[in-house]
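Shown next: model-v8.cif, containing mmCIF, C-alpha atoms.
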```
data_start
#
loop_
_atom_site.label_atom_id
_atom_site.label_comp_id
_atom_site.auth_asym_id
_atom_site.auth_seq_id
_atom_site.Cartn_x
_atom_site.Cartn_y
_atom_site.Cartn_z
CA MET A 350 -3.23 25.38 -2.37
CA ILE A 351 -0.86 22.62 -1.28
CA PRO A 352 -2.36 19.27 -2.36
CA LEU A 353 -2.00 16.07 -0.38
CA VAL A 354 -0.73 14.44 -3.59
CA ASP A 355 0.17 16.26 -6.82
CA LEU A 356 -0.56 13.91 -9.72
CA GLN A 357 -0.29 16.71 -12.28
CA ALA A 358 3.33 17.35 -11.33
CA ALA A 359 4.16 13.66 -11.72
CA HIS A 360 2.41 13.50 -15.08
CA ALA A 361 4.37 16.49 -16.37
CA GLU A 362 7.60 14.52 -15.92
CA VAL A 363 6.42 11.53 -17.99
CA ALA A 364 3.89 13.08 -20.38
CA GLU A 365 5.93 12.80 -23.60
CA GLU A 366 7.04 9.25 -22.88
CA VAL A 367 3.49 8.18 -22.03
CA GLU A 368 2.09 9.78 -25.18
CA ALA A 369 4.63 7.93 -27.32
CA GLY A 370 3.80 4.66 -25.59
CA PHE A 371 0.06 5.15 -26.03
CA LYS A 372 0.65 5.69 -29.74
CA ARG A 373 2.52 2.38 -29.92
CA VAL A 374 -0.33 0.53 -28.26
CA LEU A 375 -3.04 2.25 -30.32
CA ALA A 376 -1.18 1.47 -33.53
CA THR A 377 -1.22 -2.25 -32.79
CA THR A 378 -4.56 -2.33 -30.86
CA GLY A 379 -2.90 -4.74 -28.44
CA PHE A 380 -4.78 -3.49 -25.41
CA ILE A 381 -4.68 -6.62 -23.22
CA GLY A 382 -1.31 -8.14 -22.52
CA GLY A 383 1.35 -7.75 -25.18
CA PRO A 384 4.92 -6.45 -25.14
CA GLU A 385 4.29 -3.43 -22.88
CA VAL A 386 2.81 -5.62 -20.14
CA THR A 387 5.50 -8.26 -20.53
CA ALA A 388 8.23 -5.63 -20.31
CA PHE A 389 6.70 -3.97 -17.26
CA GLU A 390 6.34 -7.30 -15.44
CA ARG A 391 10.00 -8.07 -16.09
CA GLU A 392 11.14 -4.61 -15.03
CA PHE A 393 9.04 -4.48 -11.87
CA ALA A 394 10.16 -7.96 -10.82
CA GLU A 395 13.77 -6.85 -11.18
CA PHE A 396 13.08 -3.61 -9.30
CA SER A 397 11.38 -5.54 -6.48
CA GLY A 398 14.08 -8.18 -6.23
CA ALA A 399 11.47 -10.85 -6.99
CA ALA A 400 11.76 -13.62 -9.53
CA HIS A 401 8.26 -13.17 -10.94
CA CYS A 402 5.67 -10.42 -11.40
CA VAL A 403 2.11 -10.87 -12.68
CA GLY A 404 0.16 -7.73 -13.56
CA VAL A 405 -3.51 -7.67 -12.54
CA ALA A 406 -6.41 -5.22 -12.71
CA ASN A 407 -6.07 -3.59 -9.27
CA GLY A 408 -4.56 -3.96 -5.83
CA THR A 409 -7.60 -5.58 -4.25
CA ASP A 410 -7.59 -8.31 -6.88
CA ALA A 411 -3.86 -8.70 -6.29
CA VAL A 412 -4.46 -9.50 -2.61
CA GLU A 413 -7.21 -11.99 -3.46
CA LEU A 414 -5.18 -13.77 -6.14
CA ALA A 415 -2.14 -13.92 -3.87
CA LEU A 416 -4.22 -15.41 -1.06
CA ARG A 417 -5.75 -17.97 -3.40
CA ALA A 418 -2.33 -18.85 -4.81
CA ALA A 419 -1.11 -19.33 -1.24
CA GLY A 420 -3.89 -21.88 -0.65
CA VAL A 421 -6.56 -19.87 1.18
CA LYS A 422 -10.09 -21.18 0.55
CA ALA A 423 -13.62 -20.75 1.83
CA GLY A 424 -13.98 -21.57 5.52
CA ASP A 425 -10.38 -20.72 6.39
CA GLU A 426 -9.30 -17.89 8.68
CA VAL A 427 -6.92 -15.10 7.69
CA VAL A 428 -5.29 -12.77 10.23
CA VAL A 429 -4.98 -9.08 9.27
CA PRO A 430 -4.08 -5.89 11.15
CA ALA A 431 -7.00 -3.81 12.40
CA ASN A 432 -5.36 -0.67 11.01
CA THR A 433 -5.43 -0.99 7.22
CA PHE A 434 -7.45 -0.03 4.16
CA VAL A 435 -10.55 -2.11 3.50
CA GLY A 436 -8.91 -3.46 0.33
CA THR A 437 -6.81 -5.74 2.53
CA VAL A 438 -9.84 -7.58 3.92
CA GLU A 439 -12.39 -7.49 1.11
CA PRO A 440 -10.45 -10.24 -0.71
CA VAL A 441 -10.64 -12.46 2.37
CA ALA A 442 -14.43 -12.09 2.44
CA ARG A 443 -14.70 -12.62 -1.33
CA ILE A 444 -12.89 -15.93 -1.01
CA GLY A 445 -15.32 -16.94 1.74
CA ALA A 446 -12.71 -17.00 4.50
CA ARG A 447 -13.14 -15.35 7.91
CA VAL A 448 -11.32 -12.16 8.84
CA VAL A 449 -9.42 -12.35 12.15
CA MET A 450 -7.84 -9.13 13.38
CA ALA A 451 -4.73 -8.20 15.35
CA ASP A 452 -3.62 -4.92 16.90
CA ILE A 453 -0.75 -2.74 15.75
CA ASP A 454 2.46 -1.41 17.21
CA PRO A 455 1.64 2.03 18.68
CA ASP A 456 4.82 3.65 17.35
CA THR A 457 5.02 2.46 13.73
CA TYR A 458 1.30 1.64 13.16
CA LEU A 459 2.46 -1.62 11.54
CA VAL A 460 1.00 -4.89 12.75
CA ASP A 461 2.29 -6.14 16.09
CA VAL A 462 4.01 -9.43 15.23
CA LYS A 463 3.25 -11.01 18.62
CA ALA A 464 -0.41 -9.98 18.38
CA MET A 465 -0.67 -11.44 14.88
CA LEU A 466 0.90 -14.72 15.94
CA SER A 467 -1.37 -14.89 18.99
CA ALA A 468 -4.44 -14.50 16.76
CA ILE A 469 -3.63 -17.65 14.78
CA GLY A 470 -6.03 -20.54 15.36
CA PRO A 471 -6.58 -24.06 14.00
CA LYS A 472 -8.39 -22.73 10.91
CA THR A 473 -5.79 -20.09 10.05
CA THR A 474 -4.17 -20.61 6.65
CA ALA A 475 -2.61 -17.18 6.12
CA VAL A 476 -1.56 -13.96 7.81
CA VAL A 477 -1.38 -10.64 5.95
CA PRO A 478 1.19 -8.15 7.23
CA VAL A 479 0.45 -4.76 5.67
CA HIS A 480 3.40 -2.61 4.64
CA LEU A 481 1.79 0.65 5.65
CA TYR A 482 2.60 4.27 4.78
CA GLY A 483 5.77 3.35 2.89
CA GLN A 484 7.67 0.98 5.17
CA LEU A 485 7.71 -2.80 5.50
CA ALA A 486 6.11 -4.69 8.34
CA ALA A 487 8.19 -7.49 9.86
CA ALA A 488 7.10 -10.15 7.38
CA ASP A 489 10.52 -11.74 7.77
CA GLU A 490 9.87 -12.36 11.47
CA LEU A 491 6.46 -13.83 10.68
CA ARG A 492 7.92 -16.18 8.05
CA ALA A 493 10.57 -17.36 10.51
CA ALA A 494 8.02 -17.95 13.26
CA LEU A 495 5.58 -19.75 10.94
CA ALA A 496 8.06 -21.88 8.99
CA GLY A 497 6.71 -25.40 8.64
CA SER A 498 3.34 -24.50 10.19
CA GLY A 499 1.32 -24.49 6.99
CA VAL A 500 0.30 -20.87 7.60
CA ALA A 501 1.24 -18.68 4.64
CA VAL A 502 2.54 -15.12 4.90
CA VAL A 503 0.92 -13.00 2.17
CA GLU A 504 2.23 -9.43 2.12
CA ASP A 505 0.02 -6.45 1.32
CA ALA A 506 2.59 -4.20 -0.34
CA ALA A 507 0.22 -1.61 -1.81
CA GLN A 508 2.03 1.35 -0.23
CA CYS A 509 5.69 0.45 -0.41
CA GLN A 510 7.08 0.20 -3.96
CA GLY A 511 10.83 0.39 -3.48
CA ALA A 512 10.87 0.01 0.30
CA LEU A 513 13.37 -2.41 1.83
CA ARG A 514 13.73 -4.38 5.04
CA HIS A 515 17.25 -5.58 5.78
CA GLY A 516 17.98 -4.94 2.11
CA ARG A 517 15.08 -7.05 0.79
CA GLY A 518 11.92 -5.84 -0.91
CA ALA A 519 8.34 -7.05 -0.60
CA GLY A 520 7.90 -10.21 -2.62
CA ALA A 521 11.60 -11.06 -2.73
CA ASP A 522 11.20 -13.85 -0.16
CA GLY A 523 7.45 -14.54 -0.21
CA ILE A 524 4.32 -13.70 -2.15
CA ALA A 525 3.24 -10.04 -2.09
CA ALA A 526 0.39 -8.05 -3.61
CA THR A 527 0.72 -4.42 -4.64
CA SER A 528 -1.48 -1.63 -5.97
CA PHE A 529 -0.75 0.94 -8.65
CA TYR A 530 -3.70 3.15 -7.77
CA PRO A 531 -2.88 6.65 -9.10
CA GLY A 532 -1.80 8.10 -5.75
CA LYS A 533 0.73 5.37 -4.96
CA ASN A 534 4.49 5.90 -5.19
CA LEU A 535 4.19 4.01 -8.49
CA GLY A 536 0.76 5.02 -9.76
CA ALA A 537 -1.10 4.18 -12.96
CA TYR A 538 -3.67 6.38 -14.73
CA GLY A 539 -6.48 4.24 -13.38
CA ASP A 540 -6.65 1.00 -11.43
CA ALA A 541 -3.84 -1.54 -11.74
CA GLY A 542 -1.95 -3.96 -9.52
CA ALA A 543 0.49 -6.85 -9.43
CA VAL A 544 1.57 -9.92 -7.53
CA VAL A 545 5.28 -10.59 -7.04
CA THR A 546 6.76 -13.84 -5.79
CA PRO A 547 9.96 -15.91 -5.90
CA ASP A 548 7.86 -19.02 -6.63
CA GLU A 549 7.24 -19.86 -10.30
CA GLU A 550 4.31 -22.16 -9.54
CA GLN A 551 2.58 -19.44 -7.52
CA ALA A 552 3.15 -16.92 -10.30
CA THR A 553 1.67 -19.29 -12.86
CA LEU A 554 -1.34 -19.92 -10.65
CA VAL A 555 -1.92 -16.17 -10.16
CA ARG A 556 -1.75 -15.64 -13.92
CA THR A 557 -4.12 -18.56 -14.48
CA LEU A 558 -6.63 -17.39 -11.89
CA GLY A 559 -6.60 -13.86 -13.27
CA SER A 560 -7.18 -15.02 -16.83
CA HIS A 561 -10.53 -16.76 -16.40
CA GLY A 562 -8.82 -19.79 -14.92
CA GLY A 563 -6.72 -20.74 -17.94
CA LEU A 564 -3.69 -19.71 -19.96
CA THR A 565 -4.98 -21.13 -23.24
CA LYS A 566 -8.00 -19.52 -24.88
CA TYR A 567 -11.24 -21.38 -24.10
CA ILE A 568 -9.40 -23.84 -21.85
CA HIS A 569 -10.39 -23.15 -18.22
CA ASP A 570 -8.49 -25.32 -15.75
CA VAL A 571 -9.86 -23.71 -12.58
CA VAL A 572 -12.58 -21.24 -11.67
CA GLY A 573 -10.89 -17.89 -12.14
CA VAL A 574 -11.69 -14.21 -12.57
CA ASN A 575 -10.99 -11.51 -15.14
CA SER A 576 -8.13 -9.49 -13.67
CA ARG A 577 -5.40 -8.46 -16.07
CA LEU A 578 -3.12 -5.45 -16.41
CA ASP A 579 -3.88 -3.57 -19.63
CA ALA A 580 -1.22 -2.30 -22.00
CA LEU A 581 -2.00 1.41 -21.62
CA GLN A 582 -1.48 1.22 -17.86
CA ALA A 583 1.74 -0.72 -18.44
CA VAL A 584 3.02 2.18 -20.57
CA VAL A 585 2.42 4.62 -17.72
CA LEU A 586 3.93 2.31 -15.13
CA ARG A 587 7.07 1.70 -17.19
CA ALA A 588 7.64 5.44 -17.60
CA LYS A 589 7.19 6.06 -13.88
CA LEU A 590 9.15 2.99 -12.78
CA ALA A 591 12.22 4.36 -14.54
CA ARG A 592 11.99 7.38 -12.23
CA LEU A 593 10.78 5.69 -9.05
CA ALA A 594 14.13 5.29 -7.27
CA GLY A 595 14.78 9.01 -7.72
CA TRP A 596 11.25 9.95 -6.67
CA ASN A 597 11.56 7.81 -3.55
CA ALA A 598 14.84 9.53 -2.72
CA THR A 599 13.16 12.94 -2.92
CA ARG A 600 10.35 11.64 -0.70
CA ARG A 601 12.96 10.63 1.90
CA ALA A 602 14.53 14.08 1.71
CA ALA A 603 11.11 15.68 2.17
CA ALA A 604 10.39 13.43 5.14
CA ASP A 605 13.70 14.45 6.72
CA ARG A 606 12.74 18.09 6.21
CA TYR A 607 9.38 17.50 7.92
CA HIS A 608 11.19 15.83 10.85
CA GLU A 609 13.22 19.00 11.36
CA LEU A 610 10.39 21.46 10.79
CA LEU A 611 8.09 19.65 13.22
CA SER A 612 10.64 19.60 16.02
CA GLY A 613 9.20 21.37 19.02
CA LEU A 614 5.56 21.17 17.91
CA ASP A 615 2.98 19.24 19.95
CA VAL A 616 2.82 16.34 17.49
CA VAL A 617 4.16 12.79 17.39
CA ARG A 618 6.44 12.33 14.40
CA PRO A 619 6.52 9.02 12.49
CA VAL A 620 8.91 6.24 13.49
CA THR A 621 10.81 3.97 11.12
CA LEU A 622 11.14 0.33 12.18
CA ASP A 623 14.73 -0.80 12.70
CA GLY A 624 16.11 -2.39 9.54
CA ASN A 625 13.75 -0.53 7.22
CA GLU A 626 14.40 1.79 4.31
CA HIS A 627 11.24 3.91 4.14
CA VAL A 628 9.79 5.30 0.89
CA TRP A 629 7.27 7.65 2.57
CA HIS A 630 4.09 6.94 0.67
CA LEU A 631 2.50 8.99 3.45
CA TYR A 632 3.92 11.20 6.18
CA VAL A 633 1.69 10.40 9.15
CA ILE A 634 1.87 12.34 12.40
CA ARG A 635 -0.28 12.10 15.52
CA ILE A 636 -2.11 14.99 17.17
CA PRO A 637 -2.39 14.14 20.89
CA GLY A 638 -5.72 14.89 22.53
CA GLY A 639 -8.17 12.67 20.70
CA PRO A 640 -10.29 12.94 17.56
CA GLY A 641 -11.89 16.26 18.44
CA ARG A 642 -8.57 18.09 18.54
CA ARG A 643 -7.22 16.27 15.48
CA ASP A 644 -10.35 17.02 13.46
CA ALA A 645 -10.20 20.68 14.45
CA VAL A 646 -6.57 20.87 13.32
CA LEU A 647 -7.49 19.16 10.04
CA ALA A 648 -10.28 21.67 9.42
CA ARG A 649 -7.91 24.58 10.06
CA LEU A 650 -5.36 23.13 7.63
CA HIS A 651 -8.01 22.84 4.94
CA GLU A 652 -9.05 26.45 5.57
CA ALA A 653 -5.41 27.43 5.06
CA GLY A 654 -5.26 25.57 1.75
CA VAL A 655 -3.27 22.59 3.00
CA GLY A 656 -4.55 19.25 1.70
CA ALA A 657 -4.00 17.04 4.75
CA GLY A 658 -5.90 13.76 5.24
CA ILE A 659 -6.52 10.80 7.54
CA HIS A 660 -5.31 7.27 6.75
CA TYR A 661 -7.47 5.75 8.22
CA PRO A 662 -10.27 7.29 10.32
CA PHE A 663 -11.75 3.96 11.48
CA PRO A 664 -10.10 0.66 12.37
CA LEU A 665 -11.61 -2.30 10.55
CA HIS A 666 -13.56 -3.70 13.50
CA LEU A 667 -15.43 -0.39 13.83
CA THR A 668 -16.55 -0.29 10.19
CA PRO A 669 -20.08 -1.64 9.51
CA ALA A 670 -18.97 -4.05 6.78
CA PHE A 671 -16.50 -5.86 9.06
CA ALA A 672 -18.05 -5.36 12.47
CA ASP A 673 -17.91 -8.54 14.53
CA PRO A 674 -19.43 -9.13 17.98
CA LYS A 675 -16.14 -10.73 18.87
CA TYR A 676 -14.45 -7.33 18.44
CA PRO A 677 -16.36 -4.60 20.32
CA ALA A 678 -14.91 -1.12 20.74
CA GLY A 679 -11.79 -1.36 22.87
CA SER A 680 -10.64 -4.66 21.34
CA PHE A 681 -7.64 -3.09 19.59
CA PRO A 682 -6.64 -0.04 21.64
CA ASN A 683 -3.56 0.87 19.62
CA SER A 684 -5.48 0.84 16.35
CA GLU A 685 -8.32 2.83 17.88
CA LYS A 686 -5.98 5.46 19.35
CA ALA A 687 -4.20 5.81 16.02
CA ALA A 688 -7.50 6.28 14.19
CA ASP A 689 -8.39 9.06 16.63
CA GLU A 690 -5.11 10.98 16.32
CA ILE A 691 -3.31 10.35 13.00
CA LEU A 692 -3.00 13.01 10.33
CA SER A 693 -1.28 12.74 6.93
CA LEU A 694 0.63 15.79 5.71
CA PRO A 695 1.20 16.59 2.01
CA LEU A 696 4.08 14.58 0.57
CA TYR A 697 5.04 13.83 -3.02
CA PRO A 698 8.30 13.89 -4.98
CA GLN A 699 7.75 17.38 -6.37
CA ILE A 700 6.85 19.08 -3.07
CA THR A 701 9.02 22.13 -2.43
CA PRO A 702 10.69 23.24 0.81
CA ALA A 703 8.50 26.35 0.71
CA GLN A 704 5.36 24.22 0.52
CA GLN A 705 6.53 22.15 3.48
CA GLU A 706 7.36 25.26 5.48
CA ALA A 707 3.92 26.67 4.72
CA THR A 708 2.31 23.38 5.73
CA VAL A 709 4.11 23.30 9.08
CA GLY A 710 3.38 26.97 9.63
CA ALA A 711 -0.33 26.34 9.12
CA LEU A 712 -0.11 23.31 11.40
CA ALA A 713 1.59 25.32 14.15
CA ALA A 714 -1.12 27.98 13.95
CA ALA A 715 -3.85 25.32 14.11
CA LEU A 716 -2.23 23.71 17.15
CA ARG A 717 -2.19 27.05 18.99
CA ASP A 718 -5.94 27.55 18.60
#
```

Conversion result in structure tokens:
Amino acid sequence: MIPLVDLQAAHAEVAEEVEAGFKRVLATTGFIGGPEVTAFEREFAEFSGAAHCVGVANGTDAVELALRAAGVKAGDEVVVPANTFVGTVEPVARIGARVVMADIDPDTYLVDVKAMLSAIGPKTTAVVPVHLYGQLAAADELRAALAGSGVAVVEDAAQCQGALRHGRGAGADGIAATSFYPGKNLGAYGDAGAVVTPDEEQATLVRTLGSHGGLTKYIHDVVGVNSRLDALQAVVLRAKLARLAGWNATRRAAADRYHELLSGLDVVRPVTLDGNEHVWHLYVIRIPGGPGRRDAVLARLHEAGVGAGIHYPFPLHLTPAFADPKYPAGSFPNSEKAADEILSLPLYPQITPAQQEATVGALAAALRD
């Protein structure tokens, strides 16, 4: 079996360090906040090139708190790409704002900047470029275009810990939300997330909102939520963060190997946007011919013991929870075509050349059928 993600292999590299850290936390019973969380926030901010990091309970909360800190409120509109995980848009709905969608670039699957700008209306208070599959969307271009407009750029950086665009990371120049779900490049042993920002006032507001609306016990300045990073997860994240640059480098090497192995096969290999340093959270190819052919190839891979997947099988406007009469089928053709053809191959820092060769061999056999 070749898994899509091998969490056991990652754990083996940090097991002793995590065990020692857990013992420290258990000895003090400081489960919420404390020195482990403070240290991780400092270390992740430095790693990200951001001035401030606030740990929260999960990536979805991180997006919501970042949007609220950026000024989004009920009745506003927020523009998102149609090709993203539902965790990008649930926070918009939870705030009471309206989700407005934009199509993606057909080559990178990242949001089309022109489409996102065109979707902005008089009620728009934020746009959310999603840094998908391990590379950054052009949030810098959006910030330049929207400077002085009152429309905030809130980055969804759940899949790109360590990725760079023109040498800058997510959250270095504007507020960004990230997820430490176990399968991420930097994954916890449960749910966890963070918001990074260069703005001290925004960071303080995120921390306030995530701590029941106040930083002093029993003093609640605003209506907040309970969303805090716990100390045990901080232990795991610190151990993995120390290895993340190296792990990302091995992901890049594995992606390069896939590029070579896939040459000549009837697939569309992934494209890196100019100016980006990719960290390959996912290696996403396209199988031309529509969903029937892609699904048949996926089934054959699973039969061969290859843990491939689809990220994501439905664009947002074709999911029941976010269906909108304004967006019938055909509204976002690039997103819909991607959903019909994309396929994620196994990729993780510990994957071996032999596993990649076996994966591509199984893929070639499936394509011939």

Go through the shown structure with the PyMOL selection byres ((chain A and resi 578) around 9) and write out the matching residues as an MDAnalysis selection string. chainID A and resid 381:382 386 403:407 540:543 576:577 579:583

Given the file shown, enumerate the residues that the PyMOL selection byres ((chain A and resi 634) around 7) captures and present them as number ranges by chain. A: 616-619, 632-633, 635-636, 691-693

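Residues surrounding segment 600-612 of chain A within 8 Å are Trp596, Asn597, Ala598, Leu614, Val616, Arg618, His627, Val628, Trp629, His630, Tyr632, Leu696, Tyr697, Pro698, Ile700, Pro702, Gln705, Glu706 and Val709 of chain A [all atoms listed in the file; sequence separation below 2 positions excluded].
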
Pull C-alpha atoms from the residues just selected and write them as a compact mmCIF listing (two decimals), in the frame of the given file.
```
# COMPACT_ATOMS: atom_id res chain seq x y z
CA TRP A 596 11.25 9.95 -6.67
CA ASN A 597 11.56 7.81 -3.55
CA ALA A 598 14.84 9.53 -2.72
CA LEU A 614 5.56 21.17 17.91
CA VAL A 616 2.82 16.34 17.49
CA ARG A 618 6.44 12.33 14.40
CA HIS A 627 11.24 3.91 4.14
CA VAL A 628 9.79 5.30 0.89
CA TRP A 629 7.27 7.65 2.57
CA HIS A 630 4.09 6.94 0.67
CA TYR A 632 3.92 11.20 6.18
CA LEU A 696 4.08 14.58 0.57
CA TYR A 697 5.04 13.83 -3.02
CA PRO A 698 8.30 13.89 -4.98
CA ILE A 700 6.85 19.08 -3.07
CA PRO A 702 10.69 23.24 0.81
CA GLN A 705 6.53 22.15 3.48
CA GLU A 706 7.36 25.26 5.48
CA VAL A 709 4.11 23.30 9.08
```

When the PyMOL selection byres ((chain A and resi 455) around 12) is applied to the file above, which residues end up in the set, as a list in words?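 Listing what the PyMOL selection byres ((chain A and resi 455) around 12) selects in the shown file: Asn432, Asp452, Ile453, Asp454, Asp456, Thr457, Tyr458, Leu459, Val460, Asp461, Val617, Pro619, Val620, Leu622, Arg635, Phe681, Pro682, Asn683, Ser684, Glu685, Lys686, Ala687, Ala688, Glu690 and Ile691 of chain A.
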
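What separates atom CA of Ala711 of chain A from atom CA of Ala653 of chain A is a distance of 6.6 Å.
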
Residue nearest Ala464 of chain A - candidates A:Ala512, A:Ala359, A:Leu665, A:Leu491, atoms counted: all atoms listed in the file: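 Under the stated criterion, the closest residue is A:Leu491.
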
Contact residues around Gly520 of chain A with all atoms listed in the file at 6 Å, ignoring same-chain residues under 6 positions, as a PyMOL selection string: chain A and resi 399+545-546

With distances taken over only C-alpha atoms, which residue among A:Val571, A:Met465, A:Leu416, A:Ala451 lies nearest Asp505 of chain A?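 Under the stated criterion, the closest residue is A:Leu416.
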
Residues near Thr708 of chain A, cut-off 8 Å, all atoms listed in the file, skip fewer than 6 positions along chain, as a list in words: Ile351, Leu650, Val655, Leu694 and Pro695 of chain A

Spatial neighbours of Val574 of chain A, max dist 7 Å, all atoms listed in the file, sep filter under 2 positions, as an mmCIF file with C-alpha atoms, keeping the file's coordinate frame:
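In the end it all went to part11.cif:
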```
data_model
loop_
_atom_site.group_PDB
_atom_site.id
_atom_site.type_symbol
_atom_site.label_atom_id
_atom_site.label_comp_id
_atom_site.auth_asym_id
_atom_site.auth_seq_id
_atom_site.Cartn_x
_atom_site.Cartn_y
_atom_site.Cartn_z
ATOM 1 C CA LEU A 558 -6.630 -17.390 -11.890
ATOM 2 C CA GLY A 559 -6.600 -13.860 -13.270
ATOM 3 C CA SER A 560 -7.180 -15.020 -16.830
ATOM 4 C CA HIS A 561 -10.530 -16.760 -16.400
ATOM 5 C CA GLY A 562 -8.820 -19.790 -14.920
ATOM 6 C CA SER A 576 -8.130 -9.490 -13.670
#
```

For Gly436 of chain A, please output as a VMD selection string all residues within 9 Å (counting only C-alpha atoms; exclusion window: fewer than 5 positions along the same chain). chain A and resid 408 to 410 412

Just how far from atom CA of Val502 of chain A is atom CA of Arg391 of chain A, in Å to one decimal?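 Atom CA of Val502 of chain A lies 23.4 Å from atom CA of Arg391 of chain A.
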
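Of the residues under consideration (A:Gln484, A:Ser467, A:Gln551, A:Thr527), A:Gln551 shows the shortest atom-to-atom contact distance to Gly420 of chain A when counting all atoms listed in the file.
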
What's the separation between atom CA of Leu554 of chain A and atom CA of Lys422 of chain A, in Å to one decimal place?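 Separation of atom CA of Leu554 of chain A and atom CA of Lys422 of chain A: 14.3 Å.
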